[in-house]
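Structure file upload.cif; described as mmCIF, C-alpha atoms.
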data_coords
#
loop_
_atom_site.label_atom_id
_atom_site.label_comp_id
_atom_site.auth_asym_id
_atom_site.auth_seq_id
_atom_site.Cartn_x
_atom_site.Cartn_y
_atom_site.Cartn_z
CA MET O 1 -10.65 3.95 11.98
CA SER O 2 -13.94 3.10 13.66
CA ALA O 3 -17.26 2.51 12.00
CA LEU O 4 -19.29 5.64 12.76
CA PRO O 5 -17.58 8.85 11.70
CA LEU O 6 -18.89 12.26 12.69
CA THR O 7 -19.26 14.44 9.60
CA GLY O 8 -19.34 18.12 8.68
CA VAL O 9 -16.78 19.06 11.31
CA THR O 10 -14.32 21.97 10.97
CA PRO O 11 -10.71 21.54 12.06
CA GLU O 12 -11.36 23.89 14.98
CA GLN O 13 -14.36 21.88 16.11
CA TYR O 14 -12.35 18.69 15.75
CA LEU O 15 -9.51 19.97 17.92
CA GLU O 16 -11.87 21.24 20.58
CA ALA O 17 -13.77 17.96 20.68
CA ASP O 18 -10.66 15.80 20.57
CA ARG O 19 -8.96 17.76 23.31
CA ALA O 20 -11.98 17.39 25.57
CA ALA O 21 -12.61 13.73 24.82
CA GLU O 22 -11.39 10.68 26.68
CA PHE O 23 -10.70 8.79 23.49
CA ARG O 24 -8.72 9.91 20.45
CA SER O 25 -10.15 10.68 17.05
CA GLU O 26 -8.45 11.29 13.74
CA TYR O 27 -9.75 13.84 11.25
CA TYR O 28 -9.87 13.86 7.47
CA ASP O 29 -11.71 16.40 5.35
CA GLY O 30 -14.51 17.25 7.71
CA VAL O 31 -14.95 13.83 9.22
CA MET O 32 -13.89 12.63 12.68
CA TYR O 33 -12.96 8.98 13.07
CA ALA O 34 -12.82 7.60 16.59
CA MET O 35 -9.86 5.32 17.10
CA SER O 36 -10.38 1.89 18.54
CA GLY O 37 -7.88 0.14 20.78
CA ALA O 38 -5.11 -1.93 19.28
CA SER O 39 -4.19 -5.53 19.98
CA TYR O 40 -1.61 -6.41 22.60
CA ALA O 41 0.88 -7.58 19.96
CA HIS O 42 0.41 -4.30 18.11
CA ASN O 43 1.19 -2.36 21.26
CA VAL O 44 4.26 -4.42 22.16
CA ILE O 45 5.70 -4.09 18.66
CA ASN O 46 5.05 -0.38 18.69
CA HIS O 47 6.62 0.04 22.08
CA ASN O 48 9.69 -2.04 21.18
CA PHE O 49 10.30 -0.03 18.04
CA ALA O 50 9.72 3.33 19.72
CA SER O 51 12.00 2.46 22.65
CA ALA O 52 14.78 1.24 20.41
CA LEU O 53 14.56 4.38 18.30
CA GLY O 54 14.46 6.57 21.39
CA GLN O 55 17.64 4.99 22.69
CA ALA O 56 19.45 5.11 19.38
CA LEU O 57 18.52 8.68 18.57
CA ARG O 58 18.84 10.33 21.95
CA LYS O 59 22.32 11.65 21.28
CA ARG O 60 21.20 13.08 17.96
CA GLY O 61 18.67 15.36 19.59
CA CYS O 62 15.69 13.42 18.29
CA THR O 63 12.63 12.60 20.38
CA VAL O 64 10.19 9.74 19.98
CA THR O 65 6.55 9.54 21.01
CA SER O 66 4.09 6.73 20.53
CA ALA O 67 0.36 6.49 20.11
CA ASP O 68 -0.83 9.61 21.87
CA GLN O 69 0.80 12.27 19.74
CA ARG O 70 -1.50 14.13 17.39
CA VAL O 71 0.12 15.12 14.10
CA ARG O 72 -1.25 17.75 11.75
CA VAL O 73 -0.91 17.02 8.08
CA SER O 74 -0.76 20.05 5.83
CA PRO O 75 -2.88 21.68 4.41
CA GLN O 76 -4.87 21.65 7.65
CA ARG O 77 -7.39 19.11 6.46
CA ALA O 78 -6.07 16.08 8.26
CA TYR O 79 -5.01 15.17 11.77
CA ALA O 80 -3.75 11.73 12.73
CA TYR O 81 -2.31 9.77 15.63
CA PRO O 82 0.51 7.69 14.15
CA ASP O 83 1.67 4.70 16.17
CA THR O 84 5.15 6.21 16.57
CA THR O 85 6.52 9.62 15.66
CA VAL O 86 10.11 10.86 15.58
CA VAL O 87 11.11 14.52 15.64
CA CYS O 88 14.72 15.66 15.25
CA GLY O 89 15.54 19.05 16.67
CA ALA O 90 12.83 21.32 18.02
CA PRO O 91 9.25 20.10 17.64
CA ARG O 92 6.91 22.60 16.03
CA PHE O 93 3.29 22.78 17.03
CA ALA O 94 0.05 23.93 15.40
CA ASP O 95 -0.80 26.27 18.27
CA ASP O 96 0.19 27.12 21.80
CA GLN O 97 -1.51 24.08 23.27
CA ALA O 98 1.65 22.30 22.05
CA ASP O 99 -0.23 19.05 21.46
CA THR O 100 -0.35 18.92 17.67
CA LEU O 101 2.93 18.24 15.93
CA LEU O 102 3.85 19.71 12.55
CA ASN O 103 7.31 18.37 11.83
CA PRO O 104 7.83 14.64 12.27
CA VAL O 105 10.73 13.14 10.31
CA ILE O 106 9.73 9.51 10.80
CA ILE O 107 6.24 8.07 11.15
CA ILE O 108 5.70 4.41 11.96
CA GLU O 109 2.46 2.48 11.64
CA VAL O 110 2.02 -1.08 12.84
CA LEU O 111 -0.29 -2.79 10.38
CA SER O 112 -3.50 -4.54 11.33
CA GLN O 113 -6.15 -6.10 9.15
CA SER O 114 -8.63 -3.31 9.79
CA THR O 115 -6.19 -0.47 9.10
CA GLU O 116 -3.87 -1.85 6.45
CA ALA O 117 -5.67 -0.39 3.45
CA GLN O 118 -5.61 3.10 4.94
CA ASP O 119 -2.08 2.81 6.33
CA ARG O 120 -0.79 1.85 2.90
CA GLY O 121 -3.14 4.04 0.92
CA LEU O 122 -4.97 7.10 2.16
CA LYS O 123 -2.84 7.66 5.26
CA PHE O 124 0.39 7.35 3.35
CA ALA O 125 -0.97 9.80 0.76
CA ARG O 126 -1.73 12.28 3.55
CA TYR O 127 1.57 11.79 5.32
CA ARG O 128 3.46 12.44 2.08
CA GLU O 129 2.17 15.99 2.35
CA ILE O 130 4.13 16.58 5.56
CA GLU O 131 7.18 18.43 4.30
CA SER O 132 9.47 17.34 7.11
CA LEU O 133 8.69 13.64 6.72
CA ARG O 134 11.64 11.61 5.49
CA ASP O 135 10.68 8.03 6.34
CA TYR O 136 7.33 6.26 6.55
CA VAL O 137 7.54 2.81 8.07
CA LEU O 138 5.04 -0.05 8.05
CA VAL O 139 5.48 -2.93 10.48
CA SER O 140 3.83 -6.29 9.95
CA ARG O 141 2.19 -8.23 12.77
CA LEU O 142 2.09 -11.47 10.83
CA GLU O 143 5.79 -11.97 10.17
CA PRO O 144 9.09 -10.19 10.83
CA ARG O 145 8.79 -7.66 8.04
CA VAL O 146 9.36 -3.93 8.09
CA GLU O 147 8.68 -1.86 5.00
CA LYS O 148 10.00 1.64 4.60
CA PHE O 149 9.33 4.49 2.23
CA THR O 150 12.11 7.10 2.12
CA ARG O 151 11.53 10.44 0.44
CA GLN O 152 13.85 11.18 -2.46
CA PRO O 153 14.98 14.65 -3.55
CA ASP O 154 12.71 14.54 -6.59
CA GLY O 155 9.55 13.82 -4.63
CA THR O 156 9.43 10.10 -5.28
CA TRP O 157 9.76 7.65 -2.38
CA LEU O 158 12.09 4.69 -2.27
CA PHE O 159 10.41 1.51 -1.02
CA SER O 160 12.64 -0.99 0.75
CA GLU O 161 11.97 -3.82 3.14
CA SER O 162 13.69 -5.78 5.85
CA ILE O 163 12.47 -9.35 6.28
CA GLY O 164 13.32 -12.05 8.78
CA TRP O 165 14.55 -12.33 12.35
CA ASN O 166 18.11 -11.36 11.45
CA ALA O 167 17.18 -8.36 9.36
CA ILE O 168 17.88 -4.77 10.26
CA CYS O 169 15.78 -1.69 9.62
CA ARG O 170 18.22 1.05 8.72
CA PHE O 171 17.64 4.78 8.68
CA ASP O 172 20.51 6.10 6.58
CA SER O 173 19.87 9.76 7.20
CA LEU O 174 20.14 9.17 10.96
CA ASP O 175 22.83 6.48 10.79
CA CYS O 176 20.56 4.30 12.88
CA ASP O 177 20.03 0.52 12.78
CA ILE O 178 17.12 -1.19 14.51
CA PRO O 179 17.22 -5.00 14.44
CA LEU O 180 13.93 -6.74 13.70
CA ALA O 181 14.74 -9.09 16.56
CA THR O 182 14.36 -6.06 18.84
CA ILE O 183 11.16 -4.83 17.22
CA TYR O 184 9.53 -8.24 17.56
CA GLU O 185 10.97 -9.22 20.93
CA ASN O 186 8.44 -11.04 23.10
CA VAL O 187 5.78 -10.85 20.42
CA ALA O 188 3.72 -13.85 19.38
CA LEU O 189 3.23 -13.44 15.64
CA ARG O 190 -0.15 -14.89 14.71
CA GLU O 191 -2.26 -14.60 11.60
CA ASN O 192 -5.62 -12.87 11.66
CA GLU O 193 -5.44 -11.19 15.00
CA GLY O 194 -7.85 -8.63 13.53
CA MET Z 1 -11.11 -11.20 -2.09
CA SER Z 2 -14.37 -12.83 -1.12
CA ALA Z 3 -15.09 -13.97 2.41
CA GLN Z 4 -15.71 -17.63 1.76
CA PRO Z 5 -12.55 -19.59 1.09
CA LEU Z 6 -12.89 -23.20 -0.03
CA THR Z 7 -10.99 -26.15 1.39
CA ARG Z 8 -7.28 -26.69 0.73
CA VAL Z 9 -6.32 -27.77 -2.76
CA THR Z 10 -3.08 -28.24 -4.67
CA PRO Z 11 -2.09 -25.83 -7.44
CA GLU Z 12 -2.99 -28.52 -9.97
CA GLN Z 13 -6.44 -28.99 -8.47
CA TYR Z 14 -6.92 -25.23 -8.42
CA LEU Z 15 -6.04 -24.88 -12.10
CA GLU Z 16 -8.31 -27.74 -13.08
CA ALA Z 17 -11.22 -26.37 -11.06
CA ASP Z 18 -10.73 -22.79 -12.17
CA ARG Z 19 -10.42 -23.70 -15.83
CA ALA Z 20 -13.67 -25.64 -15.66
CA SER Z 21 -15.50 -22.95 -13.76
CA GLU Z 22 -17.63 -20.09 -15.04
CA PHE Z 23 -16.23 -17.65 -12.52
CA ARG Z 24 -12.64 -16.87 -11.65
CA SER Z 25 -10.84 -17.71 -8.44
CA GLU Z 26 -7.43 -16.65 -7.23
CA TYR Z 27 -5.21 -19.03 -5.27
CA TYR Z 28 -3.07 -18.35 -2.25
CA ASP Z 29 -1.15 -21.04 -0.42
CA GLY Z 30 -3.60 -23.86 -0.86
CA VAL Z 31 -6.86 -21.96 -0.76
CA MET Z 32 -9.07 -20.77 -3.63
CA TYR Z 33 -10.72 -17.38 -3.33
CA ALA Z 34 -13.61 -16.67 -5.64
CA MET Z 35 -13.33 -13.23 -7.13
CA SER Z 36 -16.28 -10.95 -6.56
CA GLY Z 37 -17.57 -8.70 -9.29
CA SER Z 38 -16.07 -5.27 -9.88
CA SER Z 39 -17.86 -1.96 -9.86
CA PHE Z 40 -18.84 -0.16 -13.02
CA ALA Z 41 -16.16 2.46 -12.42
CA HIS Z 42 -13.55 -0.26 -11.90
CA ASN Z 43 -14.43 -1.88 -15.21
CA MET Z 44 -14.53 1.39 -17.15
CA ILE Z 45 -11.14 2.42 -15.80
CA ALA Z 46 -9.58 -0.95 -16.60
CA GLY Z 47 -11.14 -0.86 -20.06
CA SER Z 48 -9.91 2.66 -20.84
CA PHE Z 49 -6.43 1.88 -19.54
CA HIS Z 50 -6.36 -1.25 -21.68
CA ASP Z 51 -7.35 0.72 -24.78
CA GLU Z 52 -4.75 3.40 -24.16
CA LEU Z 53 -1.97 0.86 -23.61
CA ASP Z 54 -3.01 -1.03 -26.73
CA ARG Z 55 -2.78 2.18 -28.73
CA ALA Z 56 0.52 3.25 -27.21
CA LEU Z 57 2.16 -0.14 -27.72
CA GLU Z 58 1.09 -0.70 -31.31
CA GLY Z 59 3.96 -1.89 -33.46
CA ARG Z 60 6.16 -2.39 -30.41
CA ASN Z 61 7.71 -5.34 -28.72
CA CYS Z 62 5.26 -5.24 -25.81
CA PHE Z 63 1.54 -5.95 -25.74
CA VAL Z 64 -1.44 -6.14 -23.42
CA PRO Z 65 -3.02 -9.58 -23.17
CA VAL Z 66 -6.80 -9.63 -23.30
CA LEU Z 67 -8.57 -9.48 -19.94
CA GLU Z 68 -8.77 -12.46 -17.55
CA VAL Z 69 -5.29 -13.83 -18.03
CA ARG Z 70 -4.07 -15.66 -14.96
CA LEU Z 71 -0.68 -14.83 -13.43
CA ARG Z 72 1.49 -17.33 -11.59
CA VAL Z 73 3.88 -16.07 -8.95
CA PRO Z 74 7.04 -18.08 -8.28
CA PRO Z 75 7.46 -20.56 -6.73
CA GLY Z 76 3.91 -21.49 -7.74
CA THR Z 77 1.66 -21.30 -4.70
CA VAL Z 78 0.03 -18.02 -5.70
CA TYR Z 79 -2.14 -17.42 -8.75
CA THR Z 80 -3.96 -14.16 -9.40
CA PHE Z 81 -5.94 -12.37 -12.09
CA PRO Z 82 -4.45 -8.88 -12.31
CA ASP Z 83 -6.68 -6.24 -13.85
CA LEU Z 84 -4.12 -5.60 -16.59
CA MET Z 85 -0.68 -6.81 -17.56
CA VAL Z 86 1.90 -5.82 -20.16
CA VAL Z 87 4.18 -8.47 -21.61
CA CYS Z 88 7.35 -7.68 -23.54
CA GLY Z 89 8.88 -10.06 -26.02
CA GLN Z 90 7.65 -13.64 -25.95
CA PRO Z 91 5.00 -14.42 -23.33
CA ILE Z 92 6.00 -17.40 -21.20
CA PHE Z 93 3.16 -19.60 -19.99
CA ALA Z 94 2.95 -22.01 -17.07
CA ASP Z 95 1.76 -24.85 -19.33
CA ASP Z 96 0.42 -25.52 -22.79
CA GLN Z 97 -3.04 -24.23 -22.00
CA ARG Z 98 -1.39 -20.81 -22.46
CA ASP Z 99 -3.76 -19.12 -20.02
CA THR Z 100 -1.33 -18.56 -17.14
CA LEU Z 101 1.44 -16.04 -17.64
CA LEU Z 102 4.82 -16.05 -15.92
CA ASN Z 103 6.59 -12.97 -17.29
CA PRO Z 104 4.72 -9.68 -17.25
CA SER Z 105 6.80 -6.50 -17.28
CA VAL Z 106 3.98 -4.41 -15.89
CA VAL Z 107 1.07 -5.37 -13.63
CA ILE Z 108 -1.81 -2.95 -13.09
CA GLU Z 109 -4.47 -3.19 -10.41
CA VAL Z 110 -7.47 -0.90 -10.09
CA LEU Z 111 -8.07 -0.35 -6.39
CA SER Z 112 -11.35 -0.95 -4.61
CA PRO Z 113 -12.13 -0.69 -0.89
CA SER Z 114 -12.41 -4.47 -0.52
CA THR Z 115 -9.14 -5.25 -2.28
CA GLU Z 116 -6.95 -2.28 -1.47
CA ALA Z 117 -5.15 -3.79 1.51
CA TYR Z 118 -4.25 -6.86 -0.54
CA ASP Z 119 -3.31 -4.94 -3.67
CA ARG Z 120 -0.99 -2.69 -1.69
CA GLY Z 121 0.27 -5.27 0.77
CA PHE Z 122 0.16 -9.01 0.20
CA LYS Z 123 -0.23 -8.91 -3.58
CA PHE Z 124 2.55 -6.40 -4.07
CA ALA Z 125 4.81 -8.54 -1.85
CA GLN Z 126 4.01 -11.55 -4.04
CA TYR Z 127 4.45 -9.69 -7.31
CA ARG Z 128 7.89 -8.48 -6.23
CA ARG Z 129 9.01 -12.11 -6.69
CA ILE Z 130 8.29 -12.03 -10.40
CA GLU Z 131 11.69 -11.40 -11.95
CA SER Z 132 10.38 -9.89 -15.15
CA LEU Z 133 8.21 -7.37 -13.32
CA LYS Z 134 9.54 -3.85 -13.68
CA GLU Z 135 6.56 -1.72 -12.76
CA TYR Z 136 3.56 -2.26 -10.49
CA VAL Z 137 0.74 0.20 -10.93
CA LEU Z 138 -2.22 1.04 -8.68
CA VAL Z 139 -5.13 3.01 -10.06
CA SER Z 140 -7.65 4.82 -7.86
CA GLN Z 141 -11.38 4.69 -8.58
CA ILE Z 142 -12.10 7.61 -6.30
CA GLU Z 143 -9.87 10.30 -7.75
CA PRO Z 144 -7.53 10.72 -10.71
CA ARG Z 145 -4.49 9.15 -9.12
CA VAL Z 146 -2.11 6.52 -10.45
CA GLU Z 147 0.64 5.20 -8.21
CA LYS Z 148 3.59 3.31 -9.56
CA PHE Z 149 6.35 1.19 -8.04
CA THR Z 150 9.40 0.78 -10.29
CA ARG Z 151 11.96 -1.90 -9.52
CA GLN Z 152 15.47 -0.59 -8.94
CA ALA Z 153 18.72 -2.42 -9.58
CA ASP Z 154 19.33 -3.02 -5.89
CA GLY Z 155 15.95 -4.64 -5.16
CA THR Z 156 14.28 -1.55 -3.80
CA TRP Z 157 11.29 -0.04 -5.60
CA LEU Z 158 10.77 3.59 -6.42
CA PHE Z 159 7.30 4.89 -5.57
CA SER Z 160 5.95 7.72 -7.68
CA GLU Z 161 2.49 9.02 -8.37
CA TYR Z 162 0.52 10.92 -10.95
CA VAL Z 163 -2.38 12.95 -9.63
CA GLY Z 164 -4.99 15.03 -11.41
CA LEU Z 165 -6.66 14.87 -14.78
CA THR Z 166 -3.88 16.82 -16.52
CA SER Z 167 -1.21 14.36 -15.34
CA VAL Z 168 0.47 11.93 -17.67
CA CYS Z 169 1.92 8.72 -16.32
CA ARG Z 170 5.09 7.39 -17.77
CA PHE Z 171 6.08 3.73 -17.96
CA ASP Z 172 9.79 3.59 -18.65
CA SER Z 173 9.95 -0.18 -18.91
CA ILE Z 174 7.65 -0.16 -21.91
CA GLY Z 175 8.47 3.32 -23.17
CA CYS Z 176 5.01 4.83 -23.13
CA GLU Z 177 2.96 7.60 -21.60
CA ILE Z 178 -0.71 7.45 -20.72
CA ALA Z 179 -2.76 10.54 -19.89
CA LEU Z 180 -4.92 10.24 -16.78
CA ALA Z 181 -7.66 12.12 -18.58
CA LYS Z 182 -7.89 9.18 -20.97
CA ILE Z 183 -7.90 6.57 -18.20
CA TYR Z 184 -10.71 8.32 -16.33
CA LYS Z 185 -12.63 9.67 -19.29
CA LYS Z 186 -15.61 7.35 -19.07
CA ILE Z 187 -16.51 7.68 -15.45
CA PRO Z 188 -17.81 10.36 -13.12
CA LEU Z 189 -15.39 10.29 -10.19
CA ARG Z 190 -17.24 9.89 -6.96
CA GLU Z 191 -16.61 9.04 -3.30
CA ASN Z 192 -16.54 5.37 -2.26
CA GLY Z 193 -16.43 3.97 -5.75
CA GLY Z 194 -16.31 0.22 -5.71
#
structure tokens encoding of this file:
Amino acid sequence: MSALPLTGVTPEQYLEADRAAEFRSEYYDGVMYAMSGASYAHNVINHNFASALGQALRKRGCTVTSADQRVRVSPQRAYAYPDTTVVCGAPRFADDQADTLLNPVIIIEVLSQSTEAQDRGLKFARYREIESLRDYVLVSRLEPRVEKFTRQPDGTWLFSESIGWNAICRFDSLDCDIPLATIYENVALRENEG
Amino acid sequence: MSAQPLTRVTPEQYLEADRASEFRSEYYDGVMYAMSGSSFAHNMIAGSFHDELDRALEGRNCFVPVLEVRLRVPPGTVYTFPDLMVVCGQPIFADDQRDTLLNPSVVIEVLSPSTEAYDRGFKFAQYRRIESLKEYVLVSQIEPRVEKFTRQADGTWLFSEYVGLTSVCRFDSIGCEIALAKIYKKIPLRENGG
């Protein structure tokens, strides 16, 4: 999230502004946060993961979008642009502009130094409010590590991780395995890329 | 963690320097990081939580060491000062100075904006290596919210949270319950605490 948020904004004002703008902004409790660009490694990781998921889940009637898909978090106080979003079955939208998704089942965020606290903290707290969400995935840029939170029937979330080049990120509910070697293909993993 | 790391030192050099120093430093992979001061809210929360745990654990097999006890993470290249720890049975120390613990059952960190990414990410990853650790607890300064990761038999961790001043958090590994109203009783909750 960028450094100068716009405050005192209603959700309607946010949507109108964001739809008209060239750049994307997220929205939390009255405040708009312009999104800055991501690093090249971030984008390659995100693309690799999204493509692999898209391929694996095609036959299951799931669709995958990355980076430009706005998601509304109930109760209408937060809007975000996750790095990758998966919907299974028909996507549901906030209104007839059909650009604001309500029912993702998987959300993936690629971590960066500037966003890690929010991705792990505030964002995860918001995303937990999305009833359809089953898996929340965090992807490291420093090492081959993918962390996953999977919603349990009692409202808790199971945290698991896949570490190392030979590891596999598994989505049990979709019977889908994504190797970390695929997620990190052609990516130079370097510390402190910012 | 503060922004000015010192030059590379061995764990032994770190311990010697830190024990001789007035202020505390943590140690990650060869580098010492001086700890910056905590906010008033942070200290009040940690203090209240400490008091409540003390009370709840009286006459039991587990206890809360006094503040500023160092923790060593296996295999010994990471040393931290968690906000609070709970030890069950005999405390095991790294050496005969008895100031560096190896076997907490519970580690508690009060979140602040500057440390949140580490507390949720890197630190949690390190703490997962501590075999005795059963529960890892994150406490918000901004709102009455306590998040807990509980180790499962298969190496995953169950994430659960307690939100709101009427909530009561339960620590199964030490058999006690702590009311959030008691943890937050001494501070006015405000935005951007820390």
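In terms of minimum interatomic distance to Arg120 of chain O, O:Ser140 ranks closest within O:Gln13, O:Ala78, O:Ser140, O:Asn103, counting all atoms listed in the file.
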- Message: Could you tell me which residues of chain O sit within 12 Å of chain Z when counting all atoms listed in the file, and give me the result as a PyMOL selection string?
- Response: chain O and resi 111-122+124-125+128+138-140+142-143+145-152+154-163
- Chain and number of each residue from the PyMOL selection byres ((chain O and resi 23-32) around 9), as a list of chain:residue names: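 Selected by the PyMOL selection byres ((chain O and resi 23-32) around 9) here: O:Met1, O:Leu4, O:Pro5, O:Leu6, O:Thr7, O:Gly8, O:Val9, O:Thr10, O:Pro11, O:Tyr14, O:Ala17, O:Asp18, O:Arg19, O:Ala20, O:Ala21, O:Glu22, O:Tyr33, O:Ala34, O:Met35, O:Ser36, O:Asp68, O:Arg70, O:Gln76, O:Arg77, O:Ala78, O:Tyr79, O:Ala80, O:Tyr81.
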- Item | Distance in Å - atom CA of Tyr162 of chain Z versus atom CA of Glu177 of chain Z |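 So the answer is 11.4 Å.
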- Evaluating the PyMOL selection byres ((chain O and resi 88) around 12) on the displayed file yields which residues, as number ranges by chain? O: 53-54, 57-65, 85-87, 89-92, 102-106, 132-134, 173-174
- In terms of the shortest atom-to-atom distance over only C-alpha atoms, which of Z:Leu165, Z:Val64, Z:Cys176, Z:Val139 is closest to Ile45 of chain Z?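 Checking each candidate against Ile45 of chain Z, we get Z:Val139 as the closest.
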- Message: Set the distance at 10 Å and use all atoms listed in the file: which residues neighbour Gly89 of chain Z once local chain neighbours fewer than 6 positions away are removed? I'd like the list as an NGL selection string.
- Response: :Z and (60-63 or 103-105)
Could you tell me, as a short mmCIF file (atom, residue, chain, number, x, y, z; two decimals) with C-alpha atoms, in the frame of the given file, exactly which residues end up selected when the PyMOL selection byres ((chain Z and resi 71-81) around 10) is applied to this structure?
data_model
loop_
_atom_site.label_atom_id
_atom_site.label_comp_id
_atom_site.auth_asym_id
_atom_site.auth_seq_id
_atom_site.Cartn_x
_atom_site.Cartn_y
_atom_site.Cartn_z
CA THR Z 10 -3.08 -28.24 -4.67
CA PRO Z 11 -2.09 -25.83 -7.44
CA TYR Z 14 -6.92 -25.23 -8.42
CA LEU Z 15 -6.04 -24.88 -12.10
CA ARG Z 24 -12.64 -16.87 -11.65
CA SER Z 25 -10.84 -17.71 -8.44
CA GLU Z 26 -7.43 -16.65 -7.23
CA TYR Z 27 -5.21 -19.03 -5.27
CA TYR Z 28 -3.07 -18.35 -2.25
CA ASP Z 29 -1.15 -21.04 -0.42
CA GLY Z 30 -3.60 -23.86 -0.86
CA VAL Z 31 -6.86 -21.96 -0.76
CA MET Z 32 -9.07 -20.77 -3.63
CA TYR Z 33 -10.72 -17.38 -3.33
CA MET Z 35 -13.33 -13.23 -7.13
CA LEU Z 67 -8.57 -9.48 -19.94
CA GLU Z 68 -8.77 -12.46 -17.55
CA VAL Z 69 -5.29 -13.83 -18.03
CA ARG Z 70 -4.07 -15.66 -14.96
CA PRO Z 82 -4.45 -8.88 -12.31
CA ASP Z 83 -6.68 -6.24 -13.85
CA LEU Z 84 -4.12 -5.60 -16.59
CA MET Z 85 -0.68 -6.81 -17.56
CA PHE Z 93 3.16 -19.60 -19.99
CA ALA Z 94 2.95 -22.01 -17.07
CA ASP Z 99 -3.76 -19.12 -20.02
CA THR Z 100 -1.33 -18.56 -17.14
CA LEU Z 101 1.44 -16.04 -17.64
CA LEU Z 102 4.82 -16.05 -15.92
CA ASN Z 103 6.59 -12.97 -17.29
CA PRO Z 104 4.72 -9.68 -17.25
CA VAL Z 107 1.07 -5.37 -13.63
CA GLU Z 109 -4.47 -3.19 -10.41
CA LYS Z 123 -0.23 -8.91 -3.58
CA GLN Z 126 4.01 -11.55 -4.04
CA TYR Z 127 4.45 -9.69 -7.31
CA ARG Z 128 7.89 -8.48 -6.23
CA ARG Z 129 9.01 -12.11 -6.69
CA ILE Z 130 8.29 -12.03 -10.40
CA GLU Z 131 11.69 -11.40 -11.95
#
The centre and edge lengths of an axis-aligned box containing all atoms of segment 20-26 of chain O present in the file, extended by 6 Å on each side, are to be given in Å to one decimal, as lines of an AutoDock Vina configuration file.
center_x = -10.5
center_y = 13.1
center_z = 20.2
size_x = 16.2
size_y = 20.6
size_z = 24.9
- Task: Work out how far atom CA of Ser36 of chain Z is from atom CA of Arg8 of chain Z, in Å to one decimal.
- Result: 19.5 Å
- Query: With distances taken over all atoms listed in the file, which of Z:Ile174, Z:Ala153, Z:Ile187, Z:Ile108 is nearest to Glu58 of chain Z?
  - Reply: Z:Ile174
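The smallest atom-to-atom distance between Asn48 of chain O and any of O:Asn166, O:Thr182, O:Gln97, O:Thr84, using only C-alpha atoms, is found for O:Thr182.
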- Query: What gap, in Å, lies between atom CA of Arg170 of chain O and atom CA of Thr100 of chain O?
  - Reply: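 It comes out at 27.3 Å.
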- Find the residues with any atom within 10 Å of (12.4, 0.4, 18.0); use only C-alpha atoms and the coordinates as given in the file, and write the answer as a list in words.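 Here the neighbourhood of the point contains Ile45, Asn46, His47, Asn48, Phe49, Ala50, Ser51, Ala52, Leu53, Gly54, Gln55, Ala56, Val64, Thr84, Ile108, Cys169, Asp177, Ile178, Pro179, Leu180, Ala181, Thr182, Ile183 and Tyr184 of chain O.
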Where atoms are lacking, segment 158-166 of chain O completed to N, CA, C and O atoms, as an mmCIF file, in the coordinates of the input:
data_model
loop_
_atom_site.group_PDB
_atom_site.id
_atom_site.type_symbol
_atom_site.label_atom_id
_atom_site.label_comp_id
_atom_site.auth_asym_id
_atom_site.auth_seq_id
_atom_site.Cartn_x
_atom_site.Cartn_y
_atom_site.Cartn_z
ATOM 1 N N LEU O 158 11.456 5.972 -2.037
ATOM 2 C CA LEU O 158 12.090 4.690 -2.270
ATOM 3 C C LEU O 158 11.518 3.670 -1.298
ATOM 4 O O LEU O 158 11.552 3.868 -0.084
ATOM 5 N N PHE O 159 10.985 2.578 -1.847
ATOM 6 C CA PHE O 159 10.410 1.510 -1.020
ATOM 7 C C PHE O 159 11.469 0.447 -0.807
ATOM 8 O O PHE O 159 12.054 -0.078 -1.753
ATOM 9 N N SER O 160 11.712 0.101 0.456
ATOM 10 C CA SER O 160 12.640 -0.990 0.750
ATOM 11 C C SER O 160 12.056 -1.799 1.882
ATOM 12 O O SER O 160 11.180 -1.331 2.598
ATOM 13 N N GLU O 161 12.510 -3.018 2.044
ATOM 14 C CA GLU O 161 11.970 -3.820 3.140
ATOM 15 C C GLU O 161 13.042 -4.657 3.798
ATOM 16 O O GLU O 161 14.040 -5.012 3.181
ATOM 17 N N SER O 162 12.817 -4.927 5.068
ATOM 18 C CA SER O 162 13.690 -5.780 5.850
ATOM 19 C C SER O 162 12.839 -6.948 6.310
ATOM 20 O O SER O 162 11.800 -6.744 6.934
ATOM 21 N N ILE O 163 13.295 -8.164 5.997
ATOM 22 C CA ILE O 163 12.470 -9.350 6.280
ATOM 23 C C ILE O 163 13.285 -10.374 7.041
ATOM 24 O O ILE O 163 14.420 -10.659 6.676
ATOM 25 N N GLY O 164 12.682 -10.945 8.072
ATOM 26 C CA GLY O 164 13.320 -12.050 8.780
ATOM 27 C C GLY O 164 13.904 -11.620 10.115
ATOM 28 O O GLY O 164 14.169 -10.441 10.366
ATOM 29 N N TRP O 165 14.097 -12.604 10.982
ATOM 30 C CA TRP O 165 14.550 -12.330 12.350
ATOM 31 C C TRP O 165 15.929 -11.694 12.412
ATOM 32 O O TRP O 165 16.263 -11.017 13.379
ATOM 33 N N ASN O 166 16.750 -11.934 11.414
ATOM 34 C CA ASN O 166 18.110 -11.360 11.450
ATOM 35 C C ASN O 166 18.216 -10.036 10.709
ATOM 36 O O ASN O 166 19.295 -9.463 10.619
#
